[in-house]
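Below you'll find the structure, written out as structure tokens, and then a few comments.
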Amino acid sequence: MPAVHGGERRWEAEAAPGMAAARPLALLVLLVLGPGGWGFADPPRDSLREELVITPLPSGDVAATFQFRTRWDSELQREGDTDHYFLRYAVLPREVVCTENLTPWKKLLPCSSKAGLSVLLKADRLFHTSYHSQAVHIRPVCRNAHCTSISWELRQTLSVVFDAFITGQGKKDWSLFRMFSRTLTEPCPLASESRVYVDITSYNQDNETLEVNPLPTTTYQDVILGTRKTYAVYDLHDTAIINNSRNLNLQLKWKKPPENEAPPVPFLHAQRYVSGYGLQKGELSTLLYNTHPYRAFPVLLLDTVPWYLRLYVHTLTITSKGKENKPSYIHYQPAQDRLQPHLLEMLIQLPANSVTKVSIQFERALLKWTEYTPDPNHGFYVSPSVLSALVPSMVAAKPVDWEESPLFNSLFPVSDGSNYFVRLYTEPLLVNLPTPDFSMPYNVICLTCTVVAVCYGSFYNLLTRTFRIEEPSTGGLAKRLANLIRRARGVPPL
Amino acid sequence: MGLLSDPVRRRALARLVLRLNAPLWALPVAWLERTMQSVGLEVYTQSFSRQLPFPDETHERYMVSGTNVYGILRAPRAASTESLVLTVPCSSDSTNNQAVGLLLALAAHFRGQIYWAKDIIFLVTEHDLLGTEAWLEAYHDVNVTGIQSSPLQGRAGAIQAAVALELSSDVVTSLDVAVEGLNGQLPNLDLLNLFQTFCQKGGLLCTLQGKLQSQDWTSLDGPLQGLQTLLLMVLRQASGRPHGPHGLFLRYRVEALTLRGINSFRQYKYDLVAVGKTLEGMFRKLNHLLERLHQSFFLYLLPALSRFVSIGLYMPAAGFLLLVLGLKALELWMQLHEAGVGLEETGGGSGPSALHPPAQGVGLTSLVAPLLISQAMGVALYILPVLGQHVATQHFPVAEAEAVVLTLLAIYAAGLALPHSTHWVVSPQAPDRGWMALKLVALIYLALQLGCIALTNFSLGFLLAATMVPTAAVTKPHGPRPLYAALLVLTSPAATLLGSLFLWRELQEAPLSLAEGWQLFLTALAQGVLEHYTYGALLFPLLALGLYPCWLLFWNVLFWK
């Protein structure tokens with residue numbers, strides 16, 4: 001099940017204050033190679049190829065080299081019946097998502113960007129947004145109960161957050177045309193379903209607050225991340241919606257502009273930073289916020305730290321509410337220089353209404369001078385930590401049938417009615433390593449090499465060349481012909 | 001660049017400036033929060049409190065508590081790994097309100113742009129540098145100076161560069177730039193070049209050390225003015241004080257400088273639009289940086305905005321000065337050696353003991369007492385003034401700050417009596433060898449200290465070397481003792497400080513009278529001690545624990561019996 005997820009710009013669920021459910025600047029690859037086919041008596045240290053190419057993508061942009069790939073061999077992973085020996089985890093903390101990623105991604109869609117919802121995906125609008133995240137998930141799905149044959153499921157998601165503050169000049173109204181500079185005209189002929197969902201939660205409570213145009217024919221209610229939401233559903237296969245005006249331009253207007261009330265704070269959010277100064281030591285700190293008023297819940301924290309930050313594991317401290325918080329499970333896999341990063345996995349219980357600080361000290365390693373990136377003074381990226389939790393919900397959700405709403409079930413998986421699953425990525429970090437001044441060696445090396453090359457080259461040329469006086473060849477074809485004739489006659493050539 | 005070109009923004013700025021001109025006594029935290037939120041920033045506050053070791057009389061503060069307000073502009077589609085800071089210190093005497101207005105106007109303008117690749121933090125600090133220090137320590141989650149502050153709720157990755165802004169009125173005639181930071185640290189020269197470029201582009205009048213830039217370097221006037229500017233920079237850098245809020249950023253390796261708007265009686269005046277354009281240009285340039293500023297010089301001296309003296313040019317001067325100490329020490333060593341050989345020969349010894357002159361044995365035992373006692377004086381000078389301030393205020397009719405300064409001076413002067421208290425431990429035999437050994441140790445000690453100081457803060461090292469080295473080299477217990485004593489006192493660290501103050505005011509064309517100079521000297525002493533405790537400035541411990549004991553050794557040499 002390779003899942004490639006490229007995101008850009010952390011996004012915060014609560015808009016202004018506080019930290020948030022952040023989607024990362026990360027490219028996360030989880031790879032399970034199926035059982036069988038890898039029957040080694042003595043399993044090699046790492047039998048994966050260095051490059052991991054996701055074949056459906058023609059551009060090759062997602063086929064990145066994962067230098068610091070590590071085995072993810074923790075007890076938690078061994079619980080299933082699959083062989084997790086070949087489970088690998090790798091993160092590429094810095095990947096700029098641009099039109100070169102979007103174009104091949106769009107080509108995977110059944111109608112490309114010719115028809116259906118995908119006509120909205122115009123690059124120049126999508127990349128003027130606050131947040132952009134596109135993903136490709138591929139996984140095997142069993143065709144029958146015994147799993148004798150499998151199908152492959154390809155799921156593509158695109159998340160975009162528009163900044164209404166810039167485009168709307170303070171107003172919160174929006175329309176499809178204003179956001180995408182396109183409107184919807186027809187469903188994709190290949191699609192069996194083509195729907196637009198609009199969150200109109202406050203619409204139903206009070207008709208005076210907002211207005212949707214055109215009026216929705218059906219609505220859909222569900223419990224999303226612990227809150228009850230109402231969505232207006234526009235089915236593009238419903239001919240009435242398109243035919244009225246030849247196109248569908250959804251508009252949402254706020255009749256009464258909502259006050260500057262703070263958006264609800266999510267129950268779980270996190271923040272990560274490097275503390276300390278100087279180029280020798282530092283500390284990685286992760287703050288985990290549980291804002292639930294009365295429920296504590298456990299969080300699984302997964303951290304991969306590159307080897308050039310030498311972690312001092314004895315300095316690992318976890319404090320919540322001023323007291324030490326002992327994790328119920330710890331898996332630590334130390335780094336090997338230039339081979340694999342540190343892997344730290346912990347199960348931490350977050351008390352209700354608390355901030356938990358996880359901090360660990362590190363020392364910055366001195367790299368070999370060929371190991372520095374071309375822009376060493378930019379700093380080195382440390383990948384985000386991943387938080388997975390079952391967050392208790394305030395509203396009891398009824399178990400939903402998968403067949404009924406596959407979209408919401410795959411986007412917001414619910415384990416049972418009282419909890420919902422959340423996976424958070426904290427922000428990536430930029431750490432400066434002690435960097436030599438590359439200007440001097442580079443200048444010296446370049447200059448010396450040039451001088452040596454020029455001198456050596458010309459000297460070698462002079463010494464090995466044999467000089468010969470060549471007679472000017474005159475006549476050309478006529479002379480050659482004459483020579484042939486002379487040779488035939490047995491006379492020495494000209 | 002369209003900053004403030006449309007009348008709506010211009011009116012908004014005027015309204016802000018008017019609102020801020022009303023007298024206020026504390027930072028209007030709630031108002032700032034609301035305003036920053038309305039322009040679309042993520043706003044956070046941070047409260048801090050600090051009890052100074054003794055009352056600060058120049059700023060009239062002792063128990064300080066305040067609140068910093070900062071708003072973060074998140075760059076679109078970036079991951080919050082890098083940020084830039086625009087900071088405005090705000091104090092109760094409302095001298096910097098125009099800068100707050102300009103900061104808010106810039107924030108509103110920047111928020112509407114989509115080209116930002118780094119987050120921008122707009123920071124308004126209370127109690128000028130104390131607030132900045134509290135914020136920086138909380139941002140980096142360290143506690144260097146013992147300030148108490150609430151943890152920060154919002155961060156924006158590694159800070160790449162910072163600009164501090166101080167404006168005293170809404171029209172400026174020139175912009176002064178300050179680069180000298182804490183302990184003489186300097187920002188990368190490229191940041192200054194960037195500012196200078198935008199000064200020229202915007203046609204602004206920019207000054208360095210308050211001095212106009214001379215255009216004519218061919219006649220004598222230009223270089224002379226350059227020399228004045230250079231000397232002012234040397235004095236300011238040697239003081240080790242942060243000359244503006246930017247000085248505290250440098251510790252965290254954030255390139256930073258302070259811009260000061262000066263309103264003097266010049267003909268051409270610029271409004272805030274011109275200053276805003278300069279800042280906008282600088283931030284757009286910094287926003288495009290791929291790496292931290294590192295290409296240009298970190299160690300330099302500036303005779304003018306467009307000219308600099310690089311480390312390769314000025315370092316030999318300090319090197320030659322220190323060479324004097326080395327050569328003198330070598331000479332003493334050879335004299336000691338010869339004297340030792342002479343003694344051996346008269347005593348009848350020979351052979352390998354010539355390599356091991358007994359002078360060392362005699363010298364070392366006689367050296368322990370003066371070394372220990374002078375070092376103890378240094379420790380007393382460092383600890384006692386602040387520790388004993390309450391005792392002093394109980395027994396003498398002085399305030400705490402005065403008590404600290406007067407104790408400092410008293411201990412300093414008491415050190416002069418050291419030779420009379422130590423001479424009884426000195427062995428009577430071979431008196432010459434005793435002072436020679438002591439002077440040898442003192443010379444090496446001084447050379448090492450000055451060498452280390454010159455490497456980290458060249459100005460301070462050079463200033464101290466230029467004053468201390470000649471007298472240290474010639475001091476000996478023979479010859480015109482009163483003259484040597486006068487010279488030594490005149491070149492002691494405290495006298496250097498006093499002289500530097502006079503020179504500084506002379507160069508600023510505001511000469512001091514003797515009484516004013518003395519007052520300024522006392523204030524400078526108090527400030528020096530305070531800055532050590534509040535920001536971690538190293539000048540006071542350096543002088544008290546390092547150079548003063550070393551100077552006492554030479555004093556000891558002079559009065560050797």
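Simple scheme: letters A, B, ... for chains in structure tokens order, numbers from 1 for residues in each chain, numbers from 1 for ligands in the order shown.
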
Would you kindly report the residues of chain B within 6 Å of chain A, using only C-alpha atoms, as a PDB file with N, CA and C atoms, in the first residue's frame?
```
ATOM      1  N   GLU B  42      -2.206  36.452  12.758  1.00  0.00           N
ATOM      2  CA  GLU B  42      -2.388  35.588  13.927  1.00  0.00           C
ATOM      3  C   GLU B  42      -1.760  36.315  15.098  1.00  0.00           C
ATOM      4  N   PRO B  76       1.682  32.141   2.337  1.00  0.00           N
ATOM      5  CA  PRO B  76       0.822  31.128   1.730  1.00  0.00           C
ATOM      6  C   PRO B  76       1.638  29.971   1.196  1.00  0.00           C
ATOM      7  N   ARG B  77       1.140  28.775   1.361  1.00  0.00           N
ATOM      8  CA  ARG B  77       1.721  27.532   0.825  1.00  0.00           C
ATOM      9  C   ARG B  77       3.167  27.334   1.240  1.00  0.00           C
ATOM     10  N   ALA B  78       3.551  27.893   2.371  1.00  0.00           N
ATOM     11  CA  ALA B  78       4.870  27.603   2.913  1.00  0.00           C
ATOM     12  C   ALA B  78       4.656  26.881   4.236  1.00  0.00           C
ATOM     13  N   ALA B  79       5.706  26.260   4.740  1.00  0.00           N
ATOM     14  CA  ALA B  79       5.517  25.375   5.883  1.00  0.00           C
ATOM     15  C   ALA B  79       5.943  26.004   7.196  1.00  0.00           C
ATOM     16  N   THR B  81       8.698  27.348   8.149  1.00  0.00           N
ATOM     17  CA  THR B  81      10.015  26.956   8.635  1.00  0.00           C
ATOM     18  C   THR B  81      10.934  28.149   8.794  1.00  0.00           C
ATOM     19  N   GLY B 112      -1.923  41.595   2.149  1.00  0.00           N
ATOM     20  CA  GLY B 112      -2.627  41.477   0.878  1.00  0.00           C
ATOM     21  C   GLY B 112      -1.773  40.897  -0.227  1.00  0.00           C
ATOM     22  N   HIS B 140      13.152  31.063  21.712  1.00  0.00           N
ATOM     23  CA  HIS B 140      14.137  29.987  21.600  1.00  0.00           C
ATOM     24  C   HIS B 140      14.095  29.055  22.802  1.00  0.00           C
ATOM     25  N   ASP B 141      13.135  29.278  23.693  1.00  0.00           N
ATOM     26  CA  ASP B 141      12.916  28.401  24.840  1.00  0.00           C
ATOM     27  C   ASP B 141      14.192  28.200  25.656  1.00  0.00           C
ATOM     28  N   VAL B 142      14.867  29.305  25.942  1.00  0.00           N
ATOM     29  CA  VAL B 142      16.040  29.229  26.802  1.00  0.00           C
ATOM     30  C   VAL B 142      15.856  30.280  27.893  1.00  0.00           C
ATOM     31  N   TYR B 252      21.323  35.014  18.789  1.00  0.00           N
ATOM     32  CA  TYR B 252      20.651  33.840  18.247  1.00  0.00           C
ATOM     33  C   TYR B 252      20.959  33.653  16.770  1.00  0.00           C
ATOM     34  N   GLU B 291      19.323  31.213   1.393  1.00  0.00           N
ATOM     35  CA  GLU B 291      20.114  30.810   2.548  1.00  0.00           C
ATOM     36  C   GLU B 291      20.180  31.980   3.509  1.00  0.00           C
ATOM     37  N   ARG B 292      20.641  31.715   4.692  1.00  0.00           N
ATOM     38  CA  ARG B 292      20.929  32.805   5.611  1.00  0.00           C
ATOM     39  C   ARG B 292      21.999  33.698   5.017  1.00  0.00           C
TER      40      ARG B 292
END
```

Query - Shell around range 456-459 of chain B at 8 Å using only C-alpha atoms, local window under 5 positions removed, as a VMD selection string - result: chain B and resid 183 to 185 234 to 235 237 to 238 315

Query - Atomic distance CA of Ala99 in chain B - CA of Ile72 in chain B, expressed in Å with one decimal - result: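 Taking CA of Ala99 in chain B and CA of Ile72 in chain B, their separation equals 17.6 Å.
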
**Report entry** Long-range neighbours of range 522-524 of chain B as number ranges by chain, 12 Å cut-off, only C-alpha atoms, 3 positions minimum in chain
**Finding:** B: 56-59, 239-241, 401-409, 494, 497-498, 500-501, 515-519, 527-531, 539-540

Based on DSSP run over this structure's backbone, return all residues of range 156-389 of chain A in helix (DSSP H, G or I), as an mmCIF file with N, CA, C and O atoms, in the first residue's frame.
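Contents of states_3.cif, freshly written:
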```cif
data_model
loop_
_atom_site.group_PDB
_atom_site.id
_atom_site.type_symbol
_atom_site.label_atom_id
_atom_site.label_comp_id
_atom_site.auth_asym_id
_atom_site.auth_seq_id
_atom_site.Cartn_x
_atom_site.Cartn_y
_atom_site.Cartn_z
ATOM 1 N N ALA A 164 -9.778 33.863 1.939
ATOM 2 C CA ALA A 164 -10.843 34.806 1.641
ATOM 3 C C ALA A 164 -10.448 36.224 2.018
ATOM 4 O O ALA A 164 -10.998 37.185 1.518
ATOM 5 N N PHE A 165 -9.456 36.337 2.891
ATOM 6 C CA PHE A 165 -9.081 37.673 3.362
ATOM 7 C C PHE A 165 -8.491 38.493 2.219
ATOM 8 O O PHE A 165 -8.765 39.673 2.077
ATOM 9 N N ILE A 166 -7.686 37.857 1.390
ATOM 10 C CA ILE A 166 -7.058 38.595 0.305
ATOM 11 C C ILE A 166 -8.041 38.816 -0.831
ATOM 12 O O ILE A 166 -8.229 39.929 -1.301
ATOM 13 N N THR A 167 -8.723 37.724 -1.243
ATOM 14 C CA THR A 167 -9.563 37.847 -2.427
ATOM 15 C C THR A 167 -10.873 38.566 -2.121
ATOM 16 O O THR A 167 -11.374 39.322 -2.935
ATOM 17 N N LEU A 176 -17.960 29.661 -6.868
ATOM 18 C CA LEU A 176 -17.026 28.813 -7.607
ATOM 19 C C LEU A 176 -16.247 29.627 -8.608
ATOM 20 O O LEU A 176 -15.048 29.445 -8.786
ATOM 21 N N PHE A 177 -16.946 30.585 -9.263
ATOM 22 C CA PHE A 177 -16.278 31.350 -10.307
ATOM 23 C C PHE A 177 -15.189 32.224 -9.697
ATOM 24 O O PHE A 177 -14.110 32.373 -10.246
ATOM 25 N N ARG A 178 -15.492 32.788 -8.538
ATOM 26 C CA ARG A 178 -14.485 33.681 -7.954
ATOM 27 C C ARG A 178 -13.255 32.899 -7.499
ATOM 28 O O ARG A 178 -12.129 33.385 -7.563
ATOM 29 N N MET A 179 -13.490 31.670 -7.054
ATOM 30 C CA MET A 179 -12.351 30.897 -6.557
ATOM 31 C C MET A 179 -11.549 30.267 -7.686
ATOM 32 O O MET A 179 -10.334 30.313 -7.706
ATOM 33 N N PHE A 180 -12.261 29.663 -8.645
ATOM 34 C CA PHE A 180 -11.549 28.870 -9.651
ATOM 35 C C PHE A 180 -11.534 29.539 -11.019
ATOM 36 O O PHE A 180 -10.928 29.016 -11.938
ATOM 37 N N THR A 201 -23.618 24.226 7.696
ATOM 38 C CA THR A 201 -24.052 23.814 9.022
ATOM 39 C C THR A 201 -24.877 24.886 9.721
ATOM 40 O O THR A 201 -25.922 24.606 10.292
ATOM 41 N N SER A 202 -24.444 26.140 9.617
ATOM 42 C CA SER A 202 -25.178 27.177 10.344
ATOM 43 C C SER A 202 -26.446 27.583 9.579
ATOM 44 O O SER A 202 -27.287 28.299 10.102
ATOM 45 N N TYR A 203 -26.573 27.134 8.338
ATOM 46 C CA TYR A 203 -27.726 27.505 7.522
ATOM 47 C C TYR A 203 -28.996 26.929 8.099
ATOM 48 O O TYR A 203 -30.015 27.592 8.190
ATOM 49 N N ASN A 204 -28.907 25.693 8.542
ATOM 50 C CA ASN A 204 -30.119 25.043 9.014
ATOM 51 C C ASN A 204 -30.561 25.554 10.360
ATOM 52 O O ASN A 204 -31.733 25.561 10.667
ATOM 53 N N GLN A 205 -29.608 25.977 11.154
ATOM 54 C CA GLN A 205 -29.996 26.450 12.478
ATOM 55 C C GLN A 205 -30.726 27.778 12.374
ATOM 56 O O GLN A 205 -31.665 28.044 13.073
ATOM 57 N N THR A 239 -29.949 16.306 -13.912
ATOM 58 C CA THR A 239 -29.979 17.216 -15.058
ATOM 59 C C THR A 239 -30.582 18.558 -14.694
ATOM 60 O O THR A 239 -30.274 19.577 -15.321
ATOM 61 N N ALA A 240 -31.433 18.580 -13.702
ATOM 62 C CA ALA A 240 -32.086 19.847 -13.346
ATOM 63 C C ALA A 240 -31.054 20.893 -12.916
ATOM 64 O O ALA A 240 -31.212 22.083 -13.173
ATOM 65 N N ILE A 241 -30.009 20.455 -12.273
ATOM 66 C CA ILE A 241 -29.040 21.415 -11.737
ATOM 67 C C ILE A 241 -28.268 22.098 -12.843
ATOM 68 O O ILE A 241 -28.086 23.302 -12.846
ATOM 69 N N ILE A 242 -27.862 21.354 -13.837
ATOM 70 C CA ILE A 242 -27.060 21.946 -14.904
ATOM 71 C C ILE A 242 -27.948 22.697 -15.897
ATOM 72 O O ILE A 242 -27.626 23.803 -16.328
ATOM 73 N N ASN A 243 -29.098 22.111 -16.220
ATOM 74 C CA ASN A 243 -29.866 22.621 -17.357
ATOM 75 C C ASN A 243 -30.488 23.981 -17.117
ATOM 76 O O ASN A 243 -30.759 24.709 -18.061
ATOM 77 N N PRO A 376 24.050 24.877 1.951
ATOM 78 C CA PRO A 376 24.159 24.422 3.343
ATOM 79 C C PRO A 376 23.737 25.483 4.354
ATOM 80 O O PRO A 376 23.307 25.140 5.443
ATOM 81 N N ASN A 377 23.836 26.745 3.981
ATOM 82 C CA ASN A 377 23.461 27.774 4.943
ATOM 83 C C ASN A 377 21.956 27.976 5.033
ATOM 84 O O ASN A 377 21.484 28.803 5.796
ATOM 85 N N HIS A 378 21.242 27.258 4.190
ATOM 86 C CA HIS A 378 19.784 27.306 4.322
ATOM 87 C C HIS A 378 19.350 26.549 5.563
ATOM 88 O O HIS A 378 18.366 26.887 6.196
#
```

Requested in this report: Kindly give the distance, in Å, that separates CA of Ile453 in chain B and CA of Leu136 in chain B, rounded to a single decimal.
Outcome: 25.8 Å
